[in-house]
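Structure first, then comments.
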Amino acid sequence: MLLTLIVELDDKPGQLVRVLEPLSKLGGNIVGIVHQRGKKTPLNRVPVEISLKIDERKIPELLTTLDDLGIVVRSLNEIRLTSTASLLLIGHIIHTDLSDTISRIDSSGNAEVVELHISMPKLNEPSTAMVTISATGEEMLKRAINELKKVCSEKGILVIEPVNEEFL
């Protein structure tokens, strides 16, 4: 099972190892870690997001072990969207109903627009947007990208194929 575990750690040496050791002992495999020291919780701790794979039967033992170690677990969620691609859009993105474009991707229930960055250099001029779509698997991601291409074609927006290398 692929999960995201968010813990709150004191900002001092050795705290991350206290979380990773139990994960390792239970056969967990770390997929990624996001550690932002500049971002503090209300309790003045550092939030750390750990993406991991672990046998779901071992999750209760992991949570008990982390609790016994005094580690604050803020959340534990199954990662449903496992395939991601980013695409560049060029055209009148805002003026052609951006919410409709996003809704048509999200409506499948198997894919979502998870990130959007827009640059609008001049009023009434074409804008550019970097759109990131995540889906429940590669096939659903391909379907979502095809839907985005269809929507953008209808709206006269140019789509530059996935810009992230792992999808090519």
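Residue numbers start at 1 in each chain; chains themselves are named A, B, ... in the order of the structure tokens; ligands are numbered from 1 in the order shown.
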
Next on the checklist: If we count only C-alpha atoms and set the cut-off at 10 Å, which residues sit around Glu8 (chain A), ignoring sequence neighbours fewer than 4 positions away in its own chain? Please answer as JSON, numbers by chain.
Outcome noted: {"A": [15, 16, 40, 41, 43, 44, 45, 46, 47, 48, 49, 71, 72, 73, 74, 75]}

Next on the checklist: For the structure I just gave you, how does DSSP split chain A - specifically, which residues are helix (DSSP H, G or I)? Reply as a PyMOL selection string.
Outcome noted: chain A and resi 15-25+56-68+98-106+138-155+165-167

Item to check | Nearest to Val17 (chain A) by atom-to-atom distance, counting only C-alpha atoms, from A:Ile160, A:Cys152, A:Thr4, A:Leu66 | outcome: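 Using only C-alpha atoms, Val17 (chain A) sits closest to A:Leu66.
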
Write out, as JSON lines, each residue of region 16-115 of chain A that has an atom at most 7 Å from region 130-141 of chain A, together with the closest pair of atoms and their distance in Å to one decimal, counting only C-alpha atoms, rows going by chain and rising number.
```
{"residue": "A:Arg80", "atom": "CA", "partner": "A:Thr136", "partner_atom": "CA", "distance": 5.8}
{"residue": "A:Leu81", "atom": "CA", "partner": "A:Thr136", "partner_atom": "CA", "distance": 4.4}
{"residue": "A:Thr82", "atom": "CA", "partner": "A:Thr136", "partner_atom": "CA", "distance": 5.4}
{"residue": "A:Ser83", "atom": "CA", "partner": "A:Gly137", "partner_atom": "CA", "distance": 5.2}
{"residue": "A:Thr84", "atom": "CA", "partner": "A:Ser134", "partner_atom": "CA", "distance": 4.2}
{"residue": "A:Ala85", "atom": "CA", "partner": "A:Ile133", "partner_atom": "CA", "distance": 5.5}
{"residue": "A:Ser86", "atom": "CA", "partner": "A:Thr132", "partner_atom": "CA", "distance": 4.2}
{"residue": "A:Leu87", "atom": "CA", "partner": "A:Val131", "partner_atom": "CA", "distance": 5.3}
{"residue": "A:Leu88", "atom": "CA", "partner": "A:Met130", "partner_atom": "CA", "distance": 4.7}
{"residue": "A:Leu89", "atom": "CA", "partner": "A:Met130", "partner_atom": "CA", "distance": 6.4}
{"residue": "A:Asn110", "atom": "CA", "partner": "A:Thr136", "partner_atom": "CA", "distance": 5.5}
{"residue": "A:Ala111", "atom": "CA", "partner": "A:Ala135", "partner_atom": "CA", "distance": 4.0}
{"residue": "A:Glu112", "atom": "CA", "partner": "A:Ser134", "partner_atom": "CA", "distance": 5.5}
{"residue": "A:Val113", "atom": "CA", "partner": "A:Ile133", "partner_atom": "CA", "distance": 4.5}
{"residue": "A:Val114", "atom": "CA", "partner": "A:Ile133", "partner_atom": "CA", "distance": 5.7}
{"residue": "A:Glu115", "atom": "CA", "partner": "A:Thr132", "partner_atom": "CA", "distance": 5.0}
```

Selection to disk with N, CA and C atoms, as a compact mmCIF listing (two decimals), in the first residue's frame:
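See out35.txt below for the written result:
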```
# COMPACT_ATOMS: atom_id res chain seq x y z
N ARG A 80 -3.89 7.82 -3.55
CA ARG A 80 -4.76 7.29 -4.58
C ARG A 80 -4.27 7.65 -5.98
N LEU A 81 -3.69 8.83 -6.11
CA LEU A 81 -3.24 9.30 -7.42
C LEU A 81 -1.75 9.03 -7.55
N THR A 82 -1.39 8.06 -8.38
CA THR A 82 -0.01 7.60 -8.42
C THR A 82 0.75 7.96 -9.69
N SER A 83 0.06 8.43 -10.73
CA SER A 83 0.73 8.82 -11.97
C SER A 83 0.49 10.30 -12.20
N THR A 84 1.56 11.01 -12.59
CA THR A 84 1.48 12.45 -12.72
C THR A 84 2.18 12.91 -14.00
N ALA A 85 1.60 13.94 -14.63
CA ALA A 85 2.23 14.55 -15.79
C ALA A 85 1.97 16.06 -15.74
N SER A 86 2.92 16.82 -16.25
CA SER A 86 2.77 18.27 -16.35
C SER A 86 2.76 18.65 -17.83
N LEU A 87 1.87 19.57 -18.17
CA LEU A 87 1.73 20.01 -19.55
C LEU A 87 1.73 21.53 -19.59
N LEU A 88 2.19 22.09 -20.68
CA LEU A 88 2.21 23.53 -20.87
C LEU A 88 1.05 23.91 -21.78
N LEU A 89 0.27 24.88 -21.37
CA LEU A 89 -0.85 25.39 -22.17
C LEU A 89 -0.54 26.82 -22.58
N ASN A 110 -11.04 9.72 -11.62
CA ASN A 110 -9.79 8.97 -11.65
C ASN A 110 -8.58 9.86 -11.92
N ALA A 111 -8.81 11.14 -12.14
CA ALA A 111 -7.73 12.08 -12.40
C ALA A 111 -8.13 13.45 -11.87
N GLU A 112 -7.12 14.25 -11.50
CA GLU A 112 -7.38 15.58 -10.97
C GLU A 112 -6.28 16.53 -11.41
N VAL A 113 -6.65 17.80 -11.61
CA VAL A 113 -5.65 18.85 -11.77
C VAL A 113 -5.18 19.15 -10.35
N VAL A 114 -3.90 18.87 -10.08
CA VAL A 114 -3.39 19.03 -8.72
C VAL A 114 -2.53 20.28 -8.55
N GLU A 115 -2.12 20.89 -9.68
CA GLU A 115 -1.32 22.10 -9.58
C GLU A 115 -1.51 22.90 -10.87
```

Next on the checklist: DSSP on the backbone, strand (DSSP E or B) only: what residues of region 55-99 of chain A does that give? Format it as a ChimeraX atom specification.
Outcome noted: /A:72-78,83-91

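Picture a line from CA of Lys53 (chain A) to CA of His35 (chain A); it runs 18.2 Å.
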
Checklist outcome for this item: In Å and to one decimal, CA of Asp11 (chain A) is distant from CA of Gly38 (chain A) by 10.0 Å

Item to check | All residues 12 Å or closer to Leu123 (chain A), only C-alpha atoms, same chain fewer than 3 positions away omitted, as a list in words | outcome: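 So the residues in contact are His92, Ile94, His95, Ser119, Met120, Pro126 and Ser127 of chain A.
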
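Minimum distance to Pro22 (chain A) across A:Thr101, A:Gln36, A:Thr64, A:Ser153 (counting only C-alpha atoms) occurs at A:Thr64.
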
Checklist outcome for this item: In Å and to one decimal, CA of Glu78 (chain A) is distant from CA of Glu21 (chain A) by 20.7 Å

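Distance annotation: of A:Leu158, A:Glu125, A:Arg37, A:Leu52, the residue with the minimal separation from Leu3 (chain A) is A:Leu52; atom set is only C-alpha atoms.
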